[in-house]
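As structure tokens, the structure follows; a few thoughts come after it.
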Amino acid sequence: MSSLHTPPSSPAPGRPGEPGTPGAIGGTARSVRRSARHVLHALGTAVSTPTGPATALLGQATSRWMRLLPYAVALALVASLLPVTVVVLIGTYGVNGGVAGVLATAQTAPLLMAVSRPLQAWWIVFAADVLGALATMDASDLHGLPWPWTPMVVIGYSGLMLAVGLREQRRTLLGVWLVTGAAGFAFRLAPSSTGQDTHLLMFVLSGVILLVTGMLREHGDAQRRLVEQETISEAERARRTLLEERARIARELHDVVAHHMSVITVQADSAPYRIEGLPPVASEEFSAIAASARESLTEMRRLLAVLRSENAEGERAPQPGVDRVQQLVEATIRAGVPVELRLAAELGQVPQAVDLSAYRIVQEALANVVRHAPGARTRVSVSRSPNLEWLIVLVVNGPATERSSPLESSGTGHGLVGMRERVRLIGGNLDTGPLPDGGFRVAARLPLFPKLP
């Protein structure tokens, strides 16, 4: 009886893509090459693309001497390094005189260019430094001199890194630093390089300079953006205050205008009953006037509903005028501010818009005294001009007393916005400003016969 022998099974061939197969190894190699190409492309873009336009370092400084400082430093470096580099390359490293002159010029002169175009200057200086290292390679092997970077190269390159760090972005600084280190380490791999090693010094020193200057630049950029944002925010606050004040003025003027419109409506409706023998045509005319007045009131109230906020119910009360300035003064005196009031005995008929504006100007001026100059002697005057065409409002305060500290050390000036808007609305004039003794003055001239826009 014969036995069946099963031949030994051979291992199944690996499928492409599985670990350990030739396909997987090839895919990994391709991925590594793609990653390497991506890194090299990013590095090349970083070191070849300047961050911004060609503007001089410290070009925004207000002082002329500060604007000239970078040029003075660059000129001093070029004037000192250029002749020394020529002498050292010829006398110490044995480089040909013409070659030494060209290398020294290319390694130092672009430092002047670095004031406004540091990245472009770095390309020239770096290429010249590499050529200089190649030209001095034999001399370094023979004499054990500093190599691949001479002392002059290290000094000039450090100054160049200062300009690059103050101008370029972080990725550019990283690219410059890596290229510098790669070139130095590549030279040290040369089999005949027996000179005194300087590539590590250059690598560390340039990295420290780029790190410090980059941090300083980013800090300055952050401060600049903060100032710009604060300026924008202040402008927005001023604009919002202006709009809020205009809306408030519109709400207050509603009461003034609505009163006159209501009077017109009542007079037009009652005219046929008050005037005997009125012709039918005249009665129809009065009815049309009353209807127009009522329609105007309706439209004005509809617009006011948009302007009035939910918490503005208190503004529906009758608006104050000059007759209530005495109450403002008494309240300010109770707050600890000595106020002297001069109110003309006979002001005559004051238009309601002017009456309200005069009260609000005095109110805001006294509030500013309480906030910024507590305890200051203050004088309030409301009178008519000699020609009886203007209402003169004057609020003058002295400096704050030493025993009182201001509630607010600095003001935004938004309180003056309402004064200017009110005065502009009725065609008056406003003059505000500090006094030589440390006080403040608010003077308004309001027309007693205003022409509303």
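We name chains A, B, ... following the order of the structure tokens; residues begin at 1 in each chain, and ligands are numbered from 1 as shown.
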> Can you list every residue in region 27-261 of chain A that DSSP puts in strand (DSSP E), as an MDAnalysis selection string?
Replying inline: chainID A and resid 146:147 196:197
Filtering to N, CA, C and O atoms, could you give me those residues as a CSV table (one decimal), in the first residue's frame?
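And here's out-v2.csv as it stands now:
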chain,number,residue,atom,x,y,z
A,146,PRO,N,42.1,79.7,11.1
A,146,PRO,CA,40.7,79.6,11.3
A,146,PRO,C,40.0,79.3,9.9
A,146,PRO,O,40.3,80.0,8.9
A,147,TRP,N,39.2,78.3,9.9
A,147,TRP,CA,38.6,77.9,8.6
A,147,TRP,C,37.3,77.0,8.9
A,147,TRP,O,37.3,76.3,9.9
A,196,GLN,N,41.7,75.4,11.9
A,196,GLN,CA,41.1,75.6,13.2
A,196,GLN,C,39.5,75.8,13.0
A,196,GLN,O,39.1,76.6,12.2
A,197,ASP,N,38.7,75.0,13.7
A,197,ASP,CA,37.3,74.9,13.4
A,197,ASP,C,36.6,76.1,13.8
A,197,ASP,O,36.7,76.6,14.9
>> Residues within 6 Å of Gly336 (chain A), please, as a PyMOL selection string. Count only C-alpha atoms; anything in the same chain fewer than 2 positions from it doesn't count.
In response: chain A and resi 333-334+375
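The coordinates place CA of Leu89 (chain A) at 8.8 Å from CA of Gly101 (chain A).
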>> So that I can see what lies close to Asn397 (chain A), please list as JSON, numbers by chain the residues with an atom at most 6 Å from it, counting only C-alpha atoms and leaving out residues fewer than 6 positions away in the same chain.
In response: {"A": [377, 378, 439, 440]}
Output all heavy atoms for every residue in the selection just made, as an mmCIF file, in the first residue's frame.
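Result file follows (result.cif):
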data_model
loop_
_atom_site.group_PDB
_atom_site.id
_atom_site.type_symbol
_atom_site.label_atom_id
_atom_site.label_comp_id
_atom_site.auth_asym_id
_atom_site.auth_seq_id
_atom_site.Cartn_x
_atom_site.Cartn_y
_atom_site.Cartn_z
ATOM 1 N N ARG A 377 -12.943 125.647 41.982
ATOM 2 C CA ARG A 377 -13.897 126.751 41.946
ATOM 3 C C ARG A 377 -14.398 126.913 40.519
ATOM 4 O O ARG A 377 -13.631 126.974 39.565
ATOM 5 C CB ARG A 377 -13.251 128.046 42.428
ATOM 6 C CG ARG A 377 -12.732 127.978 43.873
ATOM 7 C CD ARG A 377 -12.398 129.356 44.397
ATOM 8 N NE ARG A 377 -13.581 130.200 44.459
ATOM 9 C CZ ARG A 377 -14.455 130.214 45.466
ATOM 10 N NH1 ARG A 377 -14.271 129.408 46.512
ATOM 11 N NH2 ARG A 377 -15.486 131.026 45.432
ATOM 12 N N THR A 378 -15.723 127.002 40.389
ATOM 13 C CA THR A 378 -16.341 126.986 39.072
ATOM 14 C C THR A 378 -17.313 128.146 38.958
ATOM 15 O O THR A 378 -18.003 128.506 39.929
ATOM 16 C CB THR A 378 -17.080 125.658 38.834
ATOM 17 O OG1 THR A 378 -16.174 124.571 39.056
ATOM 18 C CG2 THR A 378 -17.630 125.579 37.421
ATOM 19 N N GLY A 439 -7.059 125.044 34.721
ATOM 20 C CA GLY A 439 -8.494 124.891 34.669
ATOM 21 C C GLY A 439 -8.978 124.572 33.268
ATOM 22 O O GLY A 439 -8.207 124.217 32.377
ATOM 23 N N PHE A 440 -10.285 124.738 33.069
ATOM 24 C CA PHE A 440 -10.891 124.400 31.785
ATOM 25 C C PHE A 440 -12.044 125.356 31.536
ATOM 26 O O PHE A 440 -12.709 125.829 32.469
ATOM 27 C CB PHE A 440 -11.403 122.958 31.781
ATOM 28 C CG PHE A 440 -11.598 122.379 30.411
ATOM 29 C CD1 PHE A 440 -10.529 121.826 29.736
ATOM 30 C CD2 PHE A 440 -12.839 122.403 29.794
ATOM 31 C CE1 PHE A 440 -10.690 121.289 28.455
ATOM 32 C CE2 PHE A 440 -13.014 121.874 28.528
ATOM 33 C CZ PHE A 440 -11.932 121.314 27.851
#
>> DSSP on the backbone, helix (DSSP H, G or I) only: what residues of region 89-181 of chain A does that give? Format it as a ChimeraX atom specification.
In response: /A:89-91,97-108,110-113,118-135,137-143,151-167,170-181
Spatial neighbours of region 118-121 of chain A, max dist 10 Å, only C-alpha atoms, sep filter under 2 positions, as a PDB file with C-alpha atoms, in the first residue's frame:
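The resulting selection07.pdb:
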ATOM      1  CA  VAL A  47      15.372  82.247   1.967  1.00  0.00           C
ATOM      2  CA  SER A  48      14.476  83.759  -1.412  1.00  0.00           C
ATOM      3  CA  THR A  49      11.328  85.719  -0.606  1.00  0.00           C
ATOM      4  CA  PRO A  50      11.740  88.980   1.340  1.00  0.00           C
ATOM      5  CA  THR A  51       9.125  89.629   3.985  1.00  0.00           C
ATOM      6  CA  ALA A  54      12.665  97.491   0.731  1.00  0.00           C
ATOM      7  CA  ALA A  56      15.417 101.089   5.690  1.00  0.00           C
ATOM      8  CA  LEU A  57      15.829  99.801   9.220  1.00  0.00           C
ATOM      9  CA  ALA A 106      31.803  90.863  -1.952  1.00  0.00           C
ATOM     10  CA  GLN A 107      31.984  89.838   1.711  1.00  0.00           C
ATOM     11  CA  THR A 108      31.767  93.370   3.171  1.00  0.00           C
ATOM     12  CA  ALA A 109      30.274  95.916   0.734  1.00  0.00           C
ATOM     13  CA  PRO A 110      26.757  94.332   0.716  1.00  0.00           C
ATOM     14  CA  LEU A 111      26.483  95.225   4.401  1.00  0.00           C
ATOM     15  CA  LEU A 112      25.452  98.703   3.226  1.00  0.00           C
ATOM     16  CA  MET A 113      22.722  97.083   1.149  1.00  0.00           C
ATOM     17  CA  ALA A 114      21.569  95.123   4.196  1.00  0.00           C
ATOM     18  CA  VAL A 115      20.126  98.295   5.762  1.00  0.00           C
ATOM     19  CA  SER A 116      17.160  98.168   3.353  1.00  0.00           C
ATOM     20  CA  TRP A 123      22.716  85.925  -0.652  1.00  0.00           C
ATOM     21  CA  ILE A 124      25.706  87.912  -1.899  1.00  0.00           C
ATOM     22  CA  VAL A 125      27.664  87.733   1.350  1.00  0.00           C
ATOM     23  CA  PHE A 126      26.932  84.029   1.868  1.00  0.00           C
ATOM     24  CA  LEU A 160      24.370  90.897   8.611  1.00  0.00           C
ATOM     25  CA  MET A 161      22.380  88.521  10.843  1.00  0.00           C
ATOM     26  CA  LEU A 162      21.422  91.504  12.973  1.00  0.00           C
ATOM     27  CA  ALA A 163      19.822  93.208   9.955  1.00  0.00           C
ATOM     28  CA  VAL A 164      18.172  90.001   8.722  1.00  0.00           C
ATOM     29  CA  GLY A 165      16.720  89.199  12.143  1.00  0.00           C
ATOM     30  CA  LEU A 166      15.206  92.669  12.516  1.00  0.00           C
ATOM     31  CA  ARG A 167      13.459  92.486   9.168  1.00  0.00           C
ATOM     32  CA  GLU A 168      12.501  88.954   8.120  1.00  0.00           C
ATOM     33  CA  THR A 172      13.104  82.991   6.780  1.00  0.00           C
ATOM     34  CA  LEU A 173      15.378  83.246   9.811  1.00  0.00           C
ATOM     35  CA  VAL A 176      19.044  81.289   6.755  1.00  0.00           C
TER      36      VAL A 176
END
>> For a quick check of understanding, using only C-alpha atoms, which of A:Met202, A:Leu210, A:Val380, A:Ile392 has the smallest distance to Leu341 (chain A)?
In response: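 Closest to Leu341 (chain A), using only C-alpha atoms: A:Val380.
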> Could you name the residues that touch Val337 (chain A) at 10 Å or less, counting only C-alpha atoms, but leaving out those on the same chain fewer than 4 positions away, as a PyMOL selection string?
Replying inline: chain A and resi 329-333+366+369-370+373-378+397+400-401
> For Ala238 (chain A), which residue among A:Leu416, A:Ile209, A:Leu77, A:Trp390 is the nearest when counting only C-alpha atoms?
Replying inline: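 Selected residue with least distance to Ala238 (chain A): A:Leu416.
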> Any idea what the distance is between CA of Gly427 (chain A) and CA of Ala290 (chain A)?
Replying inline: 29.6 Å
Near region 428-438 of chain A, within 9 Å and counting only C-alpha atoms, which residues show up once chain neighbours fewer than 4 positions away are dropped, as a CSV table (one decimal) with N, CA, C and O atoms, in the first residue's frame?
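Saved result, out_4.csv, follows:
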chain,number,residue,atom,x,y,z
A,390,TRP,N,-28.0,136.3,20.6
A,390,TRP,CA,-27.3,135.1,21.0
A,390,TRP,C,-27.5,134.8,22.5
A,390,TRP,O,-27.6,135.8,23.3
A,397,ASN,N,-13.9,126.6,35.1
A,397,ASN,CA,-13.4,126.0,36.4
A,397,ASN,C,-11.9,126.2,36.5
A,397,ASN,O,-11.2,126.2,35.5
A,398,GLY,N,-11.4,126.3,37.8
A,398,GLY,CA,-10.0,126.3,38.1
A,398,GLY,C,-9.4,124.9,38.2
A,398,GLY,O,-10.1,123.9,38.0
A,399,PRO,N,-8.2,124.9,38.7
A,399,PRO,CA,-7.6,123.5,38.8
A,399,PRO,C,-8.2,122.8,40.0
A,399,PRO,O,-8.7,123.4,41.0
A,400,ALA,N,-8.0,121.5,40.1
A,400,ALA,CA,-8.5,120.7,41.2
A,400,ALA,C,-7.7,121.1,42.4
A,400,ALA,O,-6.5,121.4,42.4
A,416,LEU,N,-17.6,115.9,25.2
A,416,LEU,CA,-17.7,117.1,24.3
A,416,LEU,C,-18.4,116.9,23.0
A,416,LEU,O,-18.8,117.8,22.3
A,419,MET,N,-21.9,118.2,23.2
A,419,MET,CA,-22.0,119.7,23.1
A,419,MET,C,-21.8,120.1,21.7
A,419,MET,O,-22.6,121.0,21.2
A,420,ARG,N,-20.8,119.6,21.0
A,420,ARG,CA,-20.6,120.1,19.6
A,420,ARG,C,-21.8,119.8,18.7
A,420,ARG,O,-22.1,120.6,17.8
A,422,ARG,N,-24.9,119.4,19.5
A,422,ARG,CA,-26.1,120.3,19.8
A,422,ARG,C,-25.8,121.7,19.3
A,422,ARG,O,-26.8,122.3,18.7
A,423,VAL,N,-24.6,122.2,19.5
A,423,VAL,CA,-24.4,123.5,19.0
A,423,VAL,C,-24.4,123.6,17.5
A,423,VAL,O,-24.9,124.5,16.8
A,424,ARG,N,-23.8,122.5,16.8
A,424,ARG,CA,-23.9,122.5,15.3
A,424,ARG,C,-25.3,122.4,14.8
A,424,ARG,O,-25.6,123.0,13.8
A,442,VAL,N,-15.6,126.2,29.0
A,442,VAL,CA,-16.5,125.8,28.0
A,442,VAL,C,-17.4,127.0,27.7
A,442,VAL,O,-18.0,127.6,28.6
A,443,ALA,N,-17.3,127.5,26.5
A,443,ALA,CA,-18.1,128.7,26.1
A,443,ALA,C,-18.9,128.4,24.8
A,443,ALA,O,-18.3,127.9,23.8
A,444,ALA,N,-20.2,128.6,24.9
A,444,ALA,CA,-21.1,128.3,23.8
A,444,ALA,C,-21.9,129.6,23.5
A,444,ALA,O,-22.4,130.3,24.4
A,445,ARG,N,-22.1,129.8,22.2
A,445,ARG,CA,-22.9,130.9,21.7
A,445,ARG,C,-24.0,130.3,20.9
A,445,ARG,O,-23.8,129.8,19.8
A,446,LEU,N,-25.2,130.4,21.4
A,446,LEU,CA,-26.4,129.8,20.8
A,446,LEU,C,-27.3,130.8,20.2
A,446,LEU,O,-27.7,131.8,20.9
A,447,PRO,N,-27.7,130.7,19.0
A,447,PRO,CA,-28.6,131.7,18.3
A,447,PRO,C,-30.0,131.6,18.9
A,447,PRO,O,-30.6,130.5,19.1
A,450,PRO,N,-32.7,130.2,15.9
A,450,PRO,CA,-31.9,129.2,15.2
A,450,PRO,C,-32.6,128.8,13.9
A,450,PRO,O,-33.9,128.8,13.7
> In Å, with one decimal, what is the gap from CA of Phe185 (chain A) to CA of Ala135 (chain A)?
Replying inline: 17.0 Å
>> Which residues are close to Ala183 (chain A), i.e. within 10 Å by only C-alpha atoms, leaving aside same-chain residues fewer than 4 positions away? Reply as a list of chain:residue names.
In response: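 Contacts, in chain order: A:Phe126, A:Asp129, A:Val130, A:Pro148, A:Leu178, A:Val179, A:Phe187, A:Arg188, A:His199, A:Phe203.
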